[in-house]
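The file coords.cif comes next; it holds mmCIF, N, CA, C and O atoms.
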data_coords
loop_
_atom_site.group_PDB
_atom_site.id
_atom_site.type_symbol
_atom_site.label_atom_id
_atom_site.label_comp_id
_atom_site.auth_asym_id
_atom_site.auth_seq_id
_atom_site.Cartn_x
_atom_site.Cartn_y
_atom_site.Cartn_z
ATOM 1 N N MET A 118 -2.900 -32.951 23.039
ATOM 2 C CA MET A 118 -4.092 -33.479 23.651
ATOM 3 C C MET A 118 -3.725 -34.759 24.397
ATOM 4 O O MET A 118 -3.025 -35.609 23.872
ATOM 5 N N LEU A 119 -4.201 -34.874 25.600
ATOM 6 C CA LEU A 119 -3.951 -36.054 26.418
ATOM 7 C C LEU A 119 -5.125 -37.012 26.261
ATOM 8 O O LEU A 119 -6.276 -36.632 26.477
ATOM 9 N N ILE A 120 -4.833 -38.234 25.859
ATOM 10 C CA ILE A 120 -5.863 -39.247 25.667
ATOM 11 C C ILE A 120 -5.643 -40.356 26.683
ATOM 12 O O ILE A 120 -4.542 -40.905 26.785
ATOM 13 N N HIS A 121 -6.697 -40.675 27.418
ATOM 14 C CA HIS A 121 -6.605 -41.756 28.398
ATOM 15 C C HIS A 121 -6.307 -43.059 27.659
ATOM 16 O O HIS A 121 -6.895 -43.337 26.616
ATOM 17 N N PRO A 122 -5.378 -43.870 28.175
ATOM 18 C CA PRO A 122 -5.016 -45.116 27.501
ATOM 19 C C PRO A 122 -6.209 -46.020 27.190
ATOM 20 O O PRO A 122 -6.204 -46.716 26.167
ATOM 21 N N ALA A 123 -7.240 -45.999 28.019
ATOM 22 C CA ALA A 123 -8.416 -46.840 27.776
ATOM 23 C C ALA A 123 -9.191 -46.402 26.537
ATOM 24 O O ALA A 123 -9.998 -47.161 25.999
ATOM 25 N N ASN A 124 -8.942 -45.170 26.080
ATOM 26 C CA ASN A 124 -9.641 -44.641 24.906
ATOM 27 C C ASN A 124 -8.759 -44.544 23.672
ATOM 28 O O ASN A 124 -9.217 -44.115 22.616
ATOM 29 N N ALA A 125 -7.510 -44.936 23.794
ATOM 30 C CA ALA A 125 -6.550 -44.738 22.708
ATOM 31 C C ALA A 125 -6.970 -45.422 21.409
ATOM 32 O O ALA A 125 -6.903 -44.819 20.334
ATOM 33 N N ASP A 126 -7.406 -46.678 21.475
ATOM 34 C CA ASP A 126 -7.808 -47.379 20.251
ATOM 35 C C ASP A 126 -9.016 -46.726 19.607
ATOM 36 O O ASP A 126 -9.076 -46.586 18.385
ATOM 37 N N ALA A 127 -9.981 -46.308 20.402
ATOM 38 C CA ALA A 127 -11.180 -45.665 19.862
ATOM 39 C C ALA A 127 -10.827 -44.344 19.182
ATOM 40 O O ALA A 127 -11.322 -44.059 18.088
ATOM 41 N N VAL A 128 -9.975 -43.566 19.799
ATOM 42 C CA VAL A 128 -9.572 -42.284 19.210
ATOM 43 C C VAL A 128 -8.776 -42.520 17.930
ATOM 44 O O VAL A 128 -9.020 -41.866 16.908
ATOM 45 N N ARG A 129 -7.871 -43.467 17.975
ATOM 46 C CA ARG A 129 -7.063 -43.781 16.782
ATOM 47 C C ARG A 129 -7.964 -44.229 15.634
ATOM 48 O O ARG A 129 -7.811 -43.769 14.499
ATOM 49 N N LEU A 130 -8.932 -45.096 15.929
ATOM 50 C CA LEU A 130 -9.851 -45.564 14.893
ATOM 51 C C LEU A 130 -10.732 -44.428 14.383
ATOM 52 O O LEU A 130 -10.951 -44.306 13.173
ATOM 53 N N PHE A 131 -11.216 -43.589 15.275
ATOM 54 C CA PHE A 131 -12.046 -42.451 14.865
ATOM 55 C C PHE A 131 -11.283 -41.560 13.885
ATOM 56 O O PHE A 131 -11.838 -41.137 12.866
ATOM 57 N N VAL A 132 -10.029 -41.310 14.162
ATOM 58 C CA VAL A 132 -9.214 -40.481 13.267
ATOM 59 C C VAL A 132 -9.024 -41.176 11.925
ATOM 60 O O VAL A 132 -9.091 -40.552 10.865
ATOM 61 N N MET A 133 -8.825 -42.491 11.947
ATOM 62 C CA MET A 133 -8.662 -43.241 10.693
ATOM 63 C C MET A 133 -9.936 -43.221 9.854
ATOM 64 O O MET A 133 -9.862 -43.371 8.629
ATOM 65 N N LEU A 134 -11.069 -43.058 10.485
ATOM 66 C CA LEU A 134 -12.353 -43.051 9.783
ATOM 67 C C LEU A 134 -12.743 -41.666 9.285
ATOM 68 O O LEU A 134 -13.867 -41.469 8.813
ATOM 69 N N LYS A 135 -11.838 -40.711 9.337
ATOM 70 C CA LYS A 135 -12.194 -39.330 8.995
ATOM 71 C C LYS A 135 -12.691 -39.168 7.557
ATOM 72 O O LYS A 135 -13.390 -38.212 7.265
ATOM 73 N N THR A 136 -12.360 -40.093 6.686
ATOM 74 C CA THR A 136 -12.858 -40.009 5.303
ATOM 75 C C THR A 136 -14.081 -40.889 5.091
ATOM 76 O O THR A 136 -14.521 -41.064 3.951
ATOM 77 N N GLN A 137 -14.634 -41.420 6.160
ATOM 78 C CA GLN A 137 -15.736 -42.374 6.046
ATOM 79 C C GLN A 137 -17.042 -41.824 6.628
ATOM 80 O O GLN A 137 -17.764 -42.516 7.331
ATOM 81 N N TRP A 138 -17.343 -40.584 6.336
ATOM 82 C CA TRP A 138 -18.587 -39.966 6.795
ATOM 83 C C TRP A 138 -19.629 -40.066 5.696
ATOM 84 O O TRP A 138 -19.317 -39.998 4.511
ATOM 85 N N ARG A 139 -20.884 -40.199 6.101
ATOM 86 C CA ARG A 139 -22.015 -40.167 5.163
ATOM 87 C C ARG A 139 -22.597 -38.759 5.178
ATOM 88 O O ARG A 139 -22.706 -38.143 6.229
ATOM 89 N N PHE A 140 -22.949 -38.286 3.986
ATOM 90 C CA PHE A 140 -23.502 -36.948 3.830
ATOM 91 C C PHE A 140 -24.856 -37.039 3.139
ATOM 92 O O PHE A 140 -25.088 -37.957 2.357
ATOM 93 N N ALA A 141 -25.727 -36.095 3.415
ATOM 94 C CA ALA A 141 -27.064 -36.114 2.818
ATOM 95 C C ALA A 141 -27.568 -34.706 2.585
ATOM 96 O O ALA A 141 -27.011 -33.737 3.098
ATOM 97 N N GLY A 142 -28.627 -34.633 1.836
ATOM 98 C CA GLY A 142 -29.259 -33.349 1.605
ATOM 99 C C GLY A 142 -28.562 -32.542 0.534
ATOM 100 O O GLY A 142 -27.472 -32.873 0.080
ATOM 101 N N LEU A 143 -29.208 -31.478 0.151
ATOM 102 C CA LEU A 143 -28.660 -30.614 -0.888
ATOM 103 C C LEU A 143 -27.389 -29.909 -0.446
ATOM 104 O O LEU A 143 -26.542 -29.574 -1.269
ATOM 105 N N ASP A 144 -27.288 -29.664 0.858
ATOM 106 C CA ASP A 144 -26.101 -28.970 1.359
ATOM 107 C C ASP A 144 -24.983 -29.926 1.748
ATOM 108 O O ASP A 144 -23.917 -29.499 2.182
ATOM 109 N N GLY A 145 -25.193 -31.227 1.603
ATOM 110 C CA GLY A 145 -24.161 -32.199 1.937
ATOM 111 C C GLY A 145 -23.863 -32.279 3.416
ATOM 112 O O GLY A 145 -22.722 -32.493 3.816
ATOM 113 N N ALA A 146 -24.888 -32.119 4.238
ATOM 114 C CA ALA A 146 -24.700 -32.146 5.692
ATOM 115 C C ALA A 146 -24.255 -33.536 6.148
ATOM 116 O O ALA A 146 -24.800 -34.548 5.703
ATOM 117 N N PRO A 147 -23.262 -33.610 7.031
ATOM 118 C CA PRO A 147 -22.824 -34.907 7.528
ATOM 119 C C PRO A 147 -23.908 -35.549 8.395
ATOM 120 O O PRO A 147 -24.545 -34.881 9.205
ATOM 121 N N MET A 148 -24.129 -36.843 8.177
ATOM 122 C CA MET A 148 -25.143 -37.577 8.941
ATOM 123 C C MET A 148 -24.510 -38.495 9.975
ATOM 124 O O MET A 148 -25.141 -38.870 10.940
ATOM 125 N N GLY A 149 -23.279 -38.894 9.747
ATOM 126 C CA GLY A 149 -22.619 -39.799 10.662
ATOM 127 C C GLY A 149 -21.604 -40.654 9.931
ATOM 128 O O GLY A 149 -21.444 -40.553 8.714
ATOM 129 N N LEU A 150 -20.944 -41.486 10.682
ATOM 130 C CA LEU A 150 -19.945 -42.374 10.106
ATOM 131 C C LEU A 150 -20.602 -43.471 9.279
ATOM 132 O O LEU A 150 -21.716 -43.898 9.572
ATOM 133 N N ASP A 151 -19.892 -43.939 8.282
ATOM 134 C CA ASP A 151 -20.315 -45.114 7.521
ATOM 135 C C ASP A 151 -19.923 -46.332 8.353
ATOM 136 O O ASP A 151 -18.757 -46.708 8.410
ATOM 137 N N TYR A 152 -20.897 -46.936 9.018
ATOM 138 C CA TYR A 152 -20.604 -48.024 9.948
ATOM 139 C C TYR A 152 -19.999 -49.244 9.255
ATOM 140 O O TYR A 152 -19.304 -50.024 9.887
ATOM 141 N N GLN A 153 -20.236 -49.400 7.975
ATOM 142 C CA GLN A 153 -19.646 -50.521 7.249
ATOM 143 C C GLN A 153 -18.127 -50.411 7.147
ATOM 144 O O GLN A 153 -17.449 -51.410 6.934
ATOM 145 N N ALA A 154 -17.600 -49.239 7.309
ATOM 146 C CA ALA A 154 -16.152 -49.035 7.206
ATOM 147 C C ALA A 154 -15.427 -49.311 8.520
ATOM 148 O O ALA A 154 -14.207 -49.468 8.531
ATOM 149 N N ILE A 155 -16.156 -49.388 9.613
ATOM 150 C CA ILE A 155 -15.516 -49.512 10.924
ATOM 151 C C ILE A 155 -14.729 -50.813 11.059
ATOM 152 O O ILE A 155 -13.547 -50.804 11.387
ATOM 153 N N GLU A 156 -15.389 -51.941 10.823
ATOM 154 C CA GLU A 156 -14.747 -53.233 11.067
ATOM 155 C C GLU A 156 -13.526 -53.467 10.192
ATOM 156 O O GLU A 156 -12.456 -53.812 10.701
ATOM 157 N N PRO A 157 -13.599 -53.240 8.871
ATOM 158 C CA PRO A 157 -12.388 -53.467 8.074
ATOM 159 C C PRO A 157 -11.255 -52.497 8.412
ATOM 160 O O PRO A 157 -10.084 -52.886 8.403
ATOM 161 N N THR A 158 -11.601 -51.269 8.729
ATOM 162 C CA THR A 158 -10.563 -50.304 9.103
ATOM 163 C C THR A 158 -9.889 -50.728 10.400
ATOM 164 O O THR A 158 -8.656 -50.711 10.512
ATOM 165 N N ALA A 159 -10.694 -51.130 11.370
ATOM 166 C CA ALA A 159 -10.141 -51.598 12.647
ATOM 167 C C ALA A 159 -9.269 -52.827 12.455
ATOM 168 O O ALA A 159 -8.167 -52.919 13.003
ATOM 169 N N ARG A 160 -9.760 -53.772 11.673
ATOM 170 C CA ARG A 160 -8.997 -55.005 11.437
ATOM 171 C C ARG A 160 -7.640 -54.701 10.811
ATOM 172 O O ARG A 160 -6.612 -55.220 11.241
ATOM 173 N N LEU A 161 -7.623 -53.861 9.794
ATOM 174 C CA LEU A 161 -6.370 -53.520 9.124
ATOM 175 C C LEU A 161 -5.415 -52.748 10.036
ATOM 176 O O LEU A 161 -4.204 -52.797 9.851
ATOM 177 N N ALA A 162 -5.982 -52.050 11.021
ATOM 178 C CA ALA A 162 -5.154 -51.297 11.976
ATOM 179 C C ALA A 162 -4.761 -52.144 13.182
ATOM 180 O O ALA A 162 -4.035 -51.668 14.053
ATOM 181 N N GLY A 163 -5.264 -53.375 13.241
ATOM 182 C CA GLY A 163 -4.936 -54.233 14.377
ATOM 183 C C GLY A 163 -5.691 -53.883 15.639
ATOM 184 O O GLY A 163 -5.229 -54.155 16.744
ATOM 185 N N ILE A 164 -6.865 -53.275 15.488
ATOM 186 C CA ILE A 164 -7.694 -52.883 16.632
ATOM 187 C C ILE A 164 -8.858 -53.866 16.740
ATOM 188 O O ILE A 164 -9.589 -54.075 15.767
ATOM 189 N N GLU A 165 -9.039 -54.447 17.914
ATOM 190 C CA GLU A 165 -10.123 -55.390 18.129
ATOM 191 C C GLU A 165 -11.451 -54.643 18.230
ATOM 192 O O GLU A 165 -11.581 -53.692 18.999
ATOM 193 N N THR A 166 -12.421 -55.074 17.437
ATOM 194 C CA THR A 166 -13.735 -54.442 17.502
ATOM 195 C C THR A 166 -14.568 -55.132 18.580
ATOM 196 O O THR A 166 -14.666 -56.347 18.623
ATOM 197 N N THR A 167 -15.117 -54.305 19.440
ATOM 198 C CA THR A 167 -15.954 -54.784 20.537
ATOM 199 C C THR A 167 -17.142 -53.836 20.673
ATOM 200 O O THR A 167 -17.087 -52.698 20.174
ATOM 201 N N PRO A 168 -18.202 -54.273 21.361
ATOM 202 C CA PRO A 168 -19.303 -53.344 21.604
ATOM 203 C C PRO A 168 -18.846 -52.081 22.350
ATOM 204 O O PRO A 168 -19.322 -50.975 22.068
ATOM 205 N N LYS A 169 -17.913 -52.225 23.264
ATOM 206 C CA LYS A 169 -17.408 -51.069 24.015
ATOM 207 C C LYS A 169 -16.705 -50.079 23.084
ATOM 208 O O LYS A 169 -16.904 -48.863 23.181
ATOM 209 N N LEU A 170 -15.888 -50.590 22.173
ATOM 210 C CA LEU A 170 -15.204 -49.731 21.208
ATOM 211 C C LEU A 170 -16.228 -49.016 20.325
ATOM 212 O O LEU A 170 -16.123 -47.815 20.088
ATOM 213 N N PHE A 171 -17.236 -49.760 19.860
ATOM 214 C CA PHE A 171 -18.276 -49.167 19.022
ATOM 215 C C PHE A 171 -19.007 -48.049 19.760
ATOM 216 O O PHE A 171 -19.275 -46.988 19.190
ATOM 217 N N ASN A 172 -19.317 -48.269 21.013
ATOM 218 C CA ASN A 172 -19.985 -47.230 21.803
ATOM 219 C C ASN A 172 -19.115 -45.987 21.944
ATOM 220 O O ASN A 172 -19.618 -44.863 21.885
ATOM 221 N N LYS A 173 -17.821 -46.175 22.129
ATOM 222 C CA LYS A 173 -16.913 -45.026 22.219
ATOM 223 C C LYS A 173 -16.894 -44.257 20.900
ATOM 224 O O LYS A 173 -16.880 -43.015 20.890
ATOM 225 N N LEU A 174 -16.883 -44.975 19.773
ATOM 226 C CA LEU A 174 -16.929 -44.315 18.466
ATOM 227 C C LEU A 174 -18.219 -43.513 18.310
ATOM 228 O O LEU A 174 -18.205 -42.398 17.795
ATOM 229 N N ARG A 175 -19.327 -44.085 18.765
ATOM 230 C CA ARG A 175 -20.609 -43.389 18.651
ATOM 231 C C ARG A 175 -20.644 -42.127 19.501
ATOM 232 O O ARG A 175 -21.229 -41.122 19.096
ATOM 233 N N VAL A 176 -20.013 -42.145 20.656
ATOM 234 C CA VAL A 176 -19.938 -40.938 21.492
ATOM 235 C C VAL A 176 -19.150 -39.856 20.757
ATOM 236 O O VAL A 176 -19.566 -38.690 20.707
ATOM 237 N N MET A 177 -18.023 -40.230 20.163
ATOM 238 C CA MET A 177 -17.218 -39.248 19.417
ATOM 239 C C MET A 177 -17.961 -38.768 18.170
ATOM 240 O O MET A 177 -17.901 -37.583 17.825
ATOM 241 N N GLU A 178 -18.671 -39.670 17.499
ATOM 242 C CA GLU A 178 -19.456 -39.300 16.329
ATOM 243 C C GLU A 178 -20.521 -38.266 16.709
ATOM 244 O O GLU A 178 -20.680 -37.251 16.035
ATOM 245 N N TYR A 179 -21.243 -38.533 17.785
ATOM 246 C CA TYR A 179 -22.277 -37.608 18.247
ATOM 247 C C TYR A 179 -21.674 -36.250 18.604
ATOM 248 O O TYR A 179 -22.212 -35.197 18.237
ATOM 249 N N ALA A 180 -20.544 -36.262 19.294
ATOM 250 C CA ALA A 180 -19.883 -35.005 19.669
ATOM 251 C C ALA A 180 -19.442 -34.241 18.424
ATOM 252 O O ALA A 180 -19.602 -33.012 18.355
ATOM 253 N N ALA A 181 -18.907 -34.953 17.444
ATOM 254 C CA ALA A 181 -18.473 -34.298 16.209
ATOM 255 C C ALA A 181 -19.670 -33.698 15.473
ATOM 256 O O ALA A 181 -19.603 -32.555 15.000
ATOM 257 N N LEU A 182 -20.760 -34.454 15.373
ATOM 258 C CA LEU A 182 -21.958 -33.937 14.707
ATOM 259 C C LEU A 182 -22.513 -32.716 15.433
ATOM 260 O O LEU A 182 -22.967 -31.762 14.787
ATOM 261 N N SER A 183 -22.474 -32.735 16.753
ATOM 262 C CA SER A 183 -22.941 -31.583 17.538
ATOM 263 C C SER A 183 -22.080 -30.353 17.259
ATOM 264 O O SER A 183 -22.590 -29.240 17.105
ATOM 265 N N GLU A 184 -20.770 -30.542 17.208
ATOM 266 C CA GLU A 184 -19.854 -29.419 16.905
ATOM 267 C C GLU A 184 -20.070 -28.891 15.501
ATOM 268 O O GLU A 184 -20.057 -27.676 15.281
ATOM 269 N N ILE A 185 -20.262 -29.788 14.552
ATOM 270 C CA ILE A 185 -20.488 -29.367 13.169
ATOM 271 C C ILE A 185 -21.783 -28.572 13.071
ATOM 272 O O ILE A 185 -21.826 -27.504 12.446
ATOM 273 N N ALA A 186 -22.839 -29.063 13.709
ATOM 274 C CA ALA A 186 -24.128 -28.366 13.693
ATOM 275 C C ALA A 186 -23.997 -26.995 14.336
ATOM 276 O O ALA A 186 -24.555 -26.008 13.832
ATOM 277 N N GLU A 187 -23.284 -26.917 15.444
ATOM 278 C CA GLU A 187 -23.098 -25.641 16.150
ATOM 279 C C GLU A 187 -22.324 -24.634 15.276
ATOM 280 O O GLU A 187 -22.645 -23.436 15.275
ATOM 281 N N SER A 188 -21.356 -25.123 14.538
ATOM 282 C CA SER A 188 -20.548 -24.224 13.708
ATOM 283 C C SER A 188 -21.319 -23.694 12.509
ATOM 284 O O SER A 188 -20.899 -22.713 11.904
ATOM 285 N N HIS A 189 -22.429 -24.337 12.164
ATOM 286 C CA HIS A 189 -23.226 -23.894 11.026
ATOM 287 C C HIS A 189 -24.422 -23.027 11.434
ATOM 288 O O HIS A 189 -25.251 -22.691 10.619
ATOM 289 N N ARG A 190 -24.486 -22.671 12.696
ATOM 290 C CA ARG A 190 -25.595 -21.814 13.167
ATOM 291 C C ARG A 190 -25.249 -20.377 13.049
ATOM 292 O O ARG A 190 -24.232 -19.885 12.999
#
Structure translated into C-alpha cells:
Amino acid sequence: MLIHPANADAVRLFVMLKTQWRFAGLDGAPMGLDYQAIEPTARLAGIETTPKLFNKLRVMEYAALSEIAESHR
C-alpha cells in the first residue's frame, strides 16, 4: 500500500491504536476509537498531536466503521 508522506504519521498512529476501540451493545459492535488513548500513544511514538492529525484519524475511524458495518450486512 502506498501512503502519501503527509499522511504517514496518521496512518502509523491509527495502526498503533488498533487495540484501542470502544465496543457497545450485546453484540459488541465497535463504536469508535478510545480518544483518551490517542495522545499518550502518539507521544510515546514521537508523533506530534495536532488538530489536523486528529481529523485524519477521525476520517480513518469513520471509514473503518463503515467497512465493519458493511461486512455485517
Query raised in the report: Between CA of Met133 (chain A) and atom O of Pro157 (chain A), what is the spacing in Å?
Result: 10.0 Å
Requested in this report: For Val128 (chain A), please output as a count of residues only all residues within 8 Å (counting only N, CA, C and O atoms; exclusion window: fewer than 6 positions along the same chain).
Outcome: 5
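Between atom O of Leu182 (chain A) and atom N of Met118 (chain A) the separation is 21.7 Å.
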Query raised in the report: What separation in Å, quoted to one decimal, exists between CA of Phe140 (chain A) and atom N of Ile155 (chain A)?
Result: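 These two atoms are separated by 15.6 Å.
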What's around Met148 (chain A) at 10 Å? Count only C-alpha atoms, leave out sequence neighbours fewer than 4 positions away in its own chain, and write the answer as a compact mmCIF listing (two decimals) with N, CA, C and O atoms, in the frame of the given file.
# COMPACT_ATOMS: atom_id res chain seq x y z
N TRP A 138 -17.34 -40.58 6.34
CA TRP A 138 -18.59 -39.97 6.80
C TRP A 138 -19.63 -40.07 5.70
O TRP A 138 -19.32 -40.00 4.51
N ARG A 139 -20.88 -40.20 6.10
CA ARG A 139 -22.02 -40.17 5.16
C ARG A 139 -22.60 -38.76 5.18
O ARG A 139 -22.71 -38.14 6.23
N PHE A 140 -22.95 -38.29 3.99
CA PHE A 140 -23.50 -36.95 3.83
C PHE A 140 -24.86 -37.04 3.14
O PHE A 140 -25.09 -37.96 2.36
N ALA A 141 -25.73 -36.10 3.42
CA ALA A 141 -27.06 -36.11 2.82
C ALA A 141 -27.57 -34.71 2.58
O ALA A 141 -27.01 -33.74 3.10
N GLY A 142 -28.63 -34.63 1.84
CA GLY A 142 -29.26 -33.35 1.60
C GLY A 142 -28.56 -32.54 0.53
O GLY A 142 -27.47 -32.87 0.08
N GLU A 178 -18.67 -39.67 17.50
CA GLU A 178 -19.46 -39.30 16.33
C GLU A 178 -20.52 -38.27 16.71
O GLU A 178 -20.68 -37.25 16.04
N TYR A 179 -21.24 -38.53 17.78
CA TYR A 179 -22.28 -37.61 18.25
C TYR A 179 -21.67 -36.25 18.60
O TYR A 179 -22.21 -35.20 18.24
N LEU A 182 -20.76 -34.45 15.37
CA LEU A 182 -21.96 -33.94 14.71
C LEU A 182 -22.51 -32.72 15.43
O LEU A 182 -22.97 -31.76 14.79
Query - Residues near Asp126 (chain A), cut-off 10 Å, only C-alpha atoms, skip fewer than 2 positions along chain, as an MDAnalysis selection string - result: chainID A and resid 120:124 128:132 159 162:166 170 173:174
Requested in this report: Apply DSSP to the structure's backbone, then extract all residues of chain A labelled strand (DSSP E or B) and return them as a list in words.
Outcome: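 Matching residues for strand (DSSP E or B) in chain A are Trp138, Arg139, Phe140, Ala141, Ala146, Pro147, Met148, Gly149 and Leu150 of chain A.
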Query raised in the report: Counting only C-alpha atoms, which of A:Leu150, A:Asp144, A:Thr158, A:Thr136 gets nearest to Met177 (chain A)?
Result: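 Nearest candidate to Met177 (chain A) out of A:Leu150, A:Asp144, A:Thr158, A:Thr136: A:Leu150.
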Query raised in the report: Restricting the calculation to all atoms listed in the file, which member of A:Thr167, A:Ala154, A:Gln137, A:Pro147 is positioned closest to Ala181 (chain A)?
Result: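 Closest residue, counting all atoms listed in the file: A:Pro147.
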Is there a way to complete region 119-127 of chain A with all heavy atoms and then write that out as a PDB file, in the frame of the given file?
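Listing of rebuild_34.pdb after writing:
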ATOM      1  N   LEU A 119      -4.201 -34.874  25.600  1.00  0.00           N
ATOM      2  CA  LEU A 119      -3.951 -36.054  26.418  1.00  0.00           C
ATOM      3  C   LEU A 119      -5.125 -37.012  26.261  1.00  0.00           C
ATOM      4  O   LEU A 119      -6.276 -36.632  26.477  1.00  0.00           O
ATOM      5  CB  LEU A 119      -3.776 -35.661  27.882  1.00  0.00           C
ATOM      6  CG  LEU A 119      -3.446 -36.781  28.845  1.00  0.00           C
ATOM      7  CD1 LEU A 119      -2.123 -37.435  28.463  1.00  0.00           C
ATOM      8  CD2 LEU A 119      -3.378 -36.254  30.254  1.00  0.00           C
ATOM      9  N   ILE A 120      -4.833 -38.234  25.859  1.00  0.00           N
ATOM     10  CA  ILE A 120      -5.863 -39.247  25.667  1.00  0.00           C
ATOM     11  C   ILE A 120      -5.643 -40.356  26.683  1.00  0.00           C
ATOM     12  O   ILE A 120      -4.542 -40.905  26.785  1.00  0.00           O
ATOM     13  CB  ILE A 120      -5.811 -39.819  24.239  1.00  0.00           C
ATOM     14  CG1 ILE A 120      -6.075 -38.705  23.235  1.00  0.00           C
ATOM     15  CG2 ILE A 120      -6.811 -40.960  24.070  1.00  0.00           C
ATOM     16  CD1 ILE A 120      -5.774 -39.066  21.815  1.00  0.00           C
ATOM     17  N   HIS A 121      -6.697 -40.675  27.418  1.00  0.00           N
ATOM     18  CA  HIS A 121      -6.605 -41.756  28.398  1.00  0.00           C
ATOM     19  C   HIS A 121      -6.307 -43.059  27.659  1.00  0.00           C
ATOM     20  O   HIS A 121      -6.895 -43.337  26.616  1.00  0.00           O
ATOM     21  CB  HIS A 121      -7.925 -41.870  29.171  1.00  0.00           C
ATOM     22  CG  HIS A 121      -7.825 -42.757  30.358  1.00  0.00           C
ATOM     23  ND1 HIS A 121      -7.855 -44.122  30.258  1.00  0.00           N
ATOM     24  CD2 HIS A 121      -7.686 -42.473  31.662  1.00  0.00           C
ATOM     25  CE1 HIS A 121      -7.750 -44.660  31.447  1.00  0.00           C
ATOM     26  NE2 HIS A 121      -7.633 -43.668  32.335  1.00  0.00           N
ATOM     27  N   PRO A 122      -5.378 -43.870  28.175  1.00  0.00           N
ATOM     28  CA  PRO A 122      -5.016 -45.116  27.501  1.00  0.00           C
ATOM     29  C   PRO A 122      -6.209 -46.020  27.190  1.00  0.00           C
ATOM     30  O   PRO A 122      -6.204 -46.716  26.167  1.00  0.00           O
ATOM     31  CB  PRO A 122      -4.052 -45.791  28.483  1.00  0.00           C
ATOM     32  CG  PRO A 122      -3.468 -44.667  29.274  1.00  0.00           C
ATOM     33  CD  PRO A 122      -4.559 -43.644  29.378  1.00  0.00           C
ATOM     34  N   ALA A 123      -7.240 -45.999  28.019  1.00  0.00           N
ATOM     35  CA  ALA A 123      -8.416 -46.840  27.776  1.00  0.00           C
ATOM     36  C   ALA A 123      -9.191 -46.402  26.537  1.00  0.00           C
ATOM     37  O   ALA A 123      -9.998 -47.161  25.999  1.00  0.00           O
ATOM     38  CB  ALA A 123      -9.335 -46.817  28.997  1.00  0.00           C
ATOM     39  N   ASN A 124      -8.942 -45.170  26.080  1.00  0.00           N
ATOM     40  CA  ASN A 124      -9.641 -44.641  24.906  1.00  0.00           C
ATOM     41  C   ASN A 124      -8.759 -44.544  23.672  1.00  0.00           C
ATOM     42  O   ASN A 124      -9.217 -44.115  22.616  1.00  0.00           O
ATOM     43  CB  ASN A 124     -10.220 -43.263  25.229  1.00  0.00           C
ATOM     44  CG  ASN A 124     -11.256 -43.331  26.314  1.00  0.00           C
ATOM     45  OD1 ASN A 124     -12.038 -44.266  26.374  1.00  0.00           O
ATOM     46  ND2 ASN A 124     -11.251 -42.347  27.190  1.00  0.00           N
ATOM     47  N   ALA A 125      -7.510 -44.936  23.794  1.00  0.00           N
ATOM     48  CA  ALA A 125      -6.550 -44.738  22.708  1.00  0.00           C
ATOM     49  C   ALA A 125      -6.970 -45.422  21.409  1.00  0.00           C
ATOM     50  O   ALA A 125      -6.903 -44.819  20.334  1.00  0.00           O
ATOM     51  CB  ALA A 125      -5.162 -45.213  23.134  1.00  0.00           C
ATOM     52  N   ASP A 126      -7.406 -46.678  21.475  1.00  0.00           N
ATOM     53  CA  ASP A 126      -7.808 -47.379  20.251  1.00  0.00           C
ATOM     54  C   ASP A 126      -9.016 -46.726  19.607  1.00  0.00           C
ATOM     55  O   ASP A 126      -9.076 -46.586  18.385  1.00  0.00           O
ATOM     56  CB  ASP A 126      -8.108 -48.855  20.534  1.00  0.00           C
ATOM     57  CG  ASP A 126      -6.860 -49.707  20.650  1.00  0.00           C
ATOM     58  OD1 ASP A 126      -5.764 -49.235  20.265  1.00  0.00           O
ATOM     59  OD2 ASP A 126      -6.978 -50.854  21.125  1.00  0.00           O
ATOM     60  N   ALA A 127      -9.981 -46.308  20.402  1.00  0.00           N
ATOM     61  CA  ALA A 127     -11.180 -45.665  19.862  1.00  0.00           C
ATOM     62  C   ALA A 127     -10.827 -44.344  19.182  1.00  0.00           C
ATOM     63  O   ALA A 127     -11.322 -44.059  18.088  1.00  0.00           O
ATOM     64  CB  ALA A 127     -12.212 -45.451  20.961  1.00  0.00           C
TER      65      ALA A 127
END
